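File shown here: structure02.txt, holding compact mmCIF, C-alpha atoms and all ligand atoms.
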```txt
# COMPACT_ATOMS: atom_id res chain seq x y z
CA MET J 1 118.56 -131.09 88.09
CA THR J 2 120.66 -128.61 90.02
CA GLU J 3 122.70 -128.01 86.92
CA LYS J 4 119.51 -127.19 85.09
CA HIS J 5 118.45 -124.75 87.79
CA ARG J 6 121.80 -123.06 87.75
CA PHE J 7 121.53 -122.67 84.00
CA ARG J 8 118.08 -121.11 84.38
CA ASN J 9 119.32 -118.72 87.06
CA ASP J 10 122.15 -117.71 84.80
CA MET J 11 119.71 -117.01 82.01
CA ILE J 12 117.56 -114.89 84.33
CA LEU J 13 120.63 -112.97 85.45
CA ILE J 14 121.67 -112.33 81.85
CA ALA J 15 118.14 -111.28 80.95
CA VAL J 16 118.06 -108.84 83.85
CA LEU J 17 121.44 -107.41 82.89
CA LEU J 18 120.32 -107.00 79.29
CA LEU J 19 117.13 -105.31 80.44
CA VAL J 20 119.08 -102.89 82.62
CA ALA J 21 121.49 -102.11 79.78
CA PHE J 22 118.64 -101.69 77.30
CA SER J 23 116.60 -99.41 79.52
CA SER J 24 119.60 -97.23 80.28
CA ILE J 25 120.11 -96.76 76.52
CA VAL J 26 116.44 -95.94 76.07
CA CYS J 27 116.54 -93.44 78.93
CA TYR J 28 119.69 -91.94 77.52
CA ASN J 29 117.83 -91.28 74.29
CA CYS J 30 114.53 -90.04 75.71
CA PHE J 31 116.20 -87.66 78.13
CA ARG J 32 118.52 -86.46 75.43
CA SER J 33 120.72 -84.05 77.24
CA THR J 34 121.16 -80.40 76.54
CA GLY J 35 124.29 -79.83 74.51
CA ASN J 36 127.04 -77.43 75.45
CA THR J 37 128.66 -76.70 72.12
CA VAL J 38 127.53 -75.01 68.89
CA THR J 39 129.35 -76.21 65.79
CA VAL J 40 129.01 -74.27 62.54
CA ARG J 41 129.90 -75.88 59.23
CA VAL J 42 129.82 -74.14 55.88
CA ASP J 43 129.79 -76.25 52.74
CA GLY J 44 130.98 -79.25 54.74
CA THR J 45 133.92 -77.44 56.28
CA ASP J 46 134.25 -76.51 59.94
CA TYR J 47 133.63 -72.81 60.32
CA GLY J 48 133.59 -72.33 64.06
CA VAL J 49 132.87 -73.92 67.43
CA TYR J 50 131.25 -71.85 70.15
CA PRO J 51 130.15 -72.58 73.72
CA LEU J 52 126.38 -72.67 74.13
CA SER J 53 126.66 -71.10 77.57
CA VAL J 54 128.13 -67.79 76.38
CA ASN J 55 125.82 -65.28 74.74
CA ALA J 56 127.21 -64.29 71.37
CA THR J 57 126.32 -63.09 67.88
CA LYS J 58 128.31 -64.61 65.04
CA ASP J 59 128.06 -63.55 61.40
CA ILE J 60 128.60 -66.59 59.16
CA TYR J 61 129.72 -65.67 55.67
CA SER J 62 129.45 -68.19 52.89
CA GLY J 63 129.27 -68.48 49.14
CA GLU J 64 131.53 -66.86 46.60
CA ASN J 65 133.27 -63.79 48.04
CA GLY J 66 131.37 -64.42 51.27
CA CYS J 67 128.29 -62.68 49.91
CA ASN J 68 125.85 -64.89 51.85
CA LEU J 69 125.21 -64.14 55.49
CA ASN J 70 123.63 -66.09 58.31
CA ARG J 71 123.62 -64.31 61.66
CA LEU J 72 123.86 -66.90 64.42
CA VAL J 73 122.72 -65.79 67.86
CA ILE J 74 123.53 -67.73 71.02
CA ARG J 75 121.43 -66.54 73.92
CA ASP J 76 120.35 -68.08 77.22
CA GLY J 77 121.76 -71.47 76.24
CA LYS J 78 119.96 -71.62 72.90
CA ALA J 79 121.12 -70.99 69.37
CA TYR J 80 119.15 -69.63 66.43
CA ILE J 81 119.57 -67.78 63.15
CA GLU J 82 118.45 -64.18 63.55
CA THR J 83 118.78 -63.01 59.96
CA ALA J 84 119.96 -64.57 56.73
CA THR J 85 120.34 -63.62 53.09
CA CYS J 86 118.92 -66.92 51.86
CA PRO J 87 115.75 -66.70 49.77
CA ASP J 88 113.69 -69.27 51.67
CA GLY J 89 114.28 -68.06 55.24
CA ILE J 90 113.73 -71.54 56.64
CA CYS J 91 116.76 -71.27 58.91
CA VAL J 92 115.46 -67.99 60.37
CA ALA J 93 112.04 -69.54 60.99
CA HIS J 94 113.61 -72.55 62.76
CA LYS J 95 113.00 -72.65 66.49
CA PRO J 96 116.01 -72.16 68.77
CA ILE J 97 118.03 -75.34 69.27
CA PHE J 98 119.77 -76.52 72.43
CA ARG J 99 119.49 -80.32 72.66
CA ASP J 100 122.39 -82.56 71.79
CA GLY J 101 122.16 -83.48 68.10
CA GLU J 102 119.70 -80.75 67.06
CA SER J 103 120.63 -78.67 64.05
CA ILE J 104 119.55 -75.77 61.88
CA ILE J 105 120.33 -76.20 58.22
CA CYS J 106 120.36 -73.41 55.66
CA LEU J 107 120.36 -75.20 52.33
CA PRO J 108 120.79 -72.16 50.02
CA ASN J 109 123.81 -70.92 51.99
CA ARG J 110 125.08 -74.45 52.82
CA VAL J 111 125.29 -73.55 56.47
CA VAL J 112 124.74 -76.18 59.17
CA VAL J 113 124.53 -75.26 62.85
CA THR J 114 124.64 -78.28 65.16
CA ILE J 115 124.40 -78.68 68.92
CA SER J 116 126.74 -81.22 70.45
CA THR J 117 128.21 -82.13 73.78
CA ALA J 118 131.94 -81.65 74.07
CA ASP J 119 134.09 -84.40 75.53
CA HIS J 120 135.29 -82.49 78.55
CA THR J 121 132.25 -83.46 80.61
CA ASP J 122 132.53 -86.40 83.00
CA THR J 123 129.88 -88.39 81.14
CA PRO J 124 131.15 -91.91 80.52
CA ASP J 125 131.50 -93.04 76.94
CA VAL J 126 128.67 -95.17 75.66
CA ILE J 127 129.84 -97.97 73.42
CA MET J 128 127.18 -98.60 70.83
ZN ZN M 1 118.52 -70.02 55.31
```
Please express what this file holds, its structure, as structure tokens.
Amino acid sequence: MTEKHRFRNDMILIAVLLLVAFSSIVCYNCFRSTGNTVTVRVDGTDYGVYPLSVNATKDIYSGENGCNLNRLVIRDGKAYIETATCPDGICVAHKPIFRDGESIICLPNRVVVTISTADHTDTPDVIM
């Protein structure tokens, strides 16, 4: 009888621990943190990494002879494409990005701008 109770208490403890772990993962996702790094990739290759906290304007050249241009602007902790030579202009119309994991993709120019969080913060690693 006592053994049975102990088993039940153990199960409750495990359930509580699982619940705590699960809710912390859920909270981690719903309060997705603001990133601190802007990574630019052109045609799948790293082009540049810039801090999101420093205002800057970066011209991203792509295509043959670098004839395509996307002008990346980092301002007030947000990143957006100010002008681009691509025909569709979707990247220019994209709203500024700043959350971890957000990205602006320019398909015609094969330019991908992604927000991430660099490792130098004191956030503990989450093992998924
Ligand atoms: Zn574009």
Exercise. Take atom CA of J:Ser116 and atom CA of J:Arg71 and report the distance between them in Å, one decimal.
Key: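 These two atoms are separated by 19.3 Å.
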Quiz item: With only C-alpha atoms as the basis for distance, which of J:Tyr61, J:Phe98, J:Phe22, J:Tyr50 is at the shortest distance from J:Cys86?
Solution: J:Tyr61
Exercise. Rounded to one decimal place, report the atom CA of J:Asn36-atom CA of J:Cys67 distance in Å.
Key: 29.5 Å
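Taking atom ZN of ligand ZN 1 (chain M) as the reference point, atom CA of J:Ile115 is found at 17.2 Å.
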Quiz item: If you count only C-alpha atoms and all ligand atoms, which residues end up within 12 Å of ligand ZN 1 (chain M), as a PyMOL selection string?
Solution: chain J and resi 60+62+68-72+80-94+104-113
Can you write just those residues out, C-alpha atoms, as a short mmCIF file (atom, residue, chain, number, x, y, z; two decimals), in the frame of the given file?
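As a result, result.cif now contains:
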```
data_model
loop_
_atom_site.label_atom_id
_atom_site.label_comp_id
_atom_site.auth_asym_id
_atom_site.auth_seq_id
_atom_site.Cartn_x
_atom_site.Cartn_y
_atom_site.Cartn_z
CA ILE J 60 128.60 -66.59 59.16
CA SER J 62 129.45 -68.19 52.89
CA ASN J 68 125.85 -64.89 51.85
CA LEU J 69 125.21 -64.14 55.49
CA ASN J 70 123.63 -66.09 58.31
CA ARG J 71 123.62 -64.31 61.66
CA LEU J 72 123.86 -66.90 64.42
CA TYR J 80 119.15 -69.63 66.43
CA ILE J 81 119.57 -67.78 63.15
CA GLU J 82 118.45 -64.18 63.55
CA THR J 83 118.78 -63.01 59.96
CA ALA J 84 119.96 -64.57 56.73
CA THR J 85 120.34 -63.62 53.09
CA CYS J 86 118.92 -66.92 51.86
CA PRO J 87 115.75 -66.70 49.77
CA ASP J 88 113.69 -69.27 51.67
CA GLY J 89 114.28 -68.06 55.24
CA ILE J 90 113.73 -71.54 56.64
CA CYS J 91 116.76 -71.27 58.91
CA VAL J 92 115.46 -67.99 60.37
CA ALA J 93 112.04 -69.54 60.99
CA HIS J 94 113.61 -72.55 62.76
CA ILE J 104 119.55 -75.77 61.88
CA ILE J 105 120.33 -76.20 58.22
CA CYS J 106 120.36 -73.41 55.66
CA LEU J 107 120.36 -75.20 52.33
CA PRO J 108 120.79 -72.16 50.02
CA ASN J 109 123.81 -70.92 51.99
CA ARG J 110 125.08 -74.45 52.82
CA VAL J 111 125.29 -73.55 56.47
CA VAL J 112 124.74 -76.18 59.17
CA VAL J 113 124.53 -75.26 62.85
#
```
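Shortest separation to J:Ala79 among J:Ser23, J:Thr37, J:Thr45, J:Asn65 occurs at residue J:Thr37, atoms counted being only C-alpha atoms.
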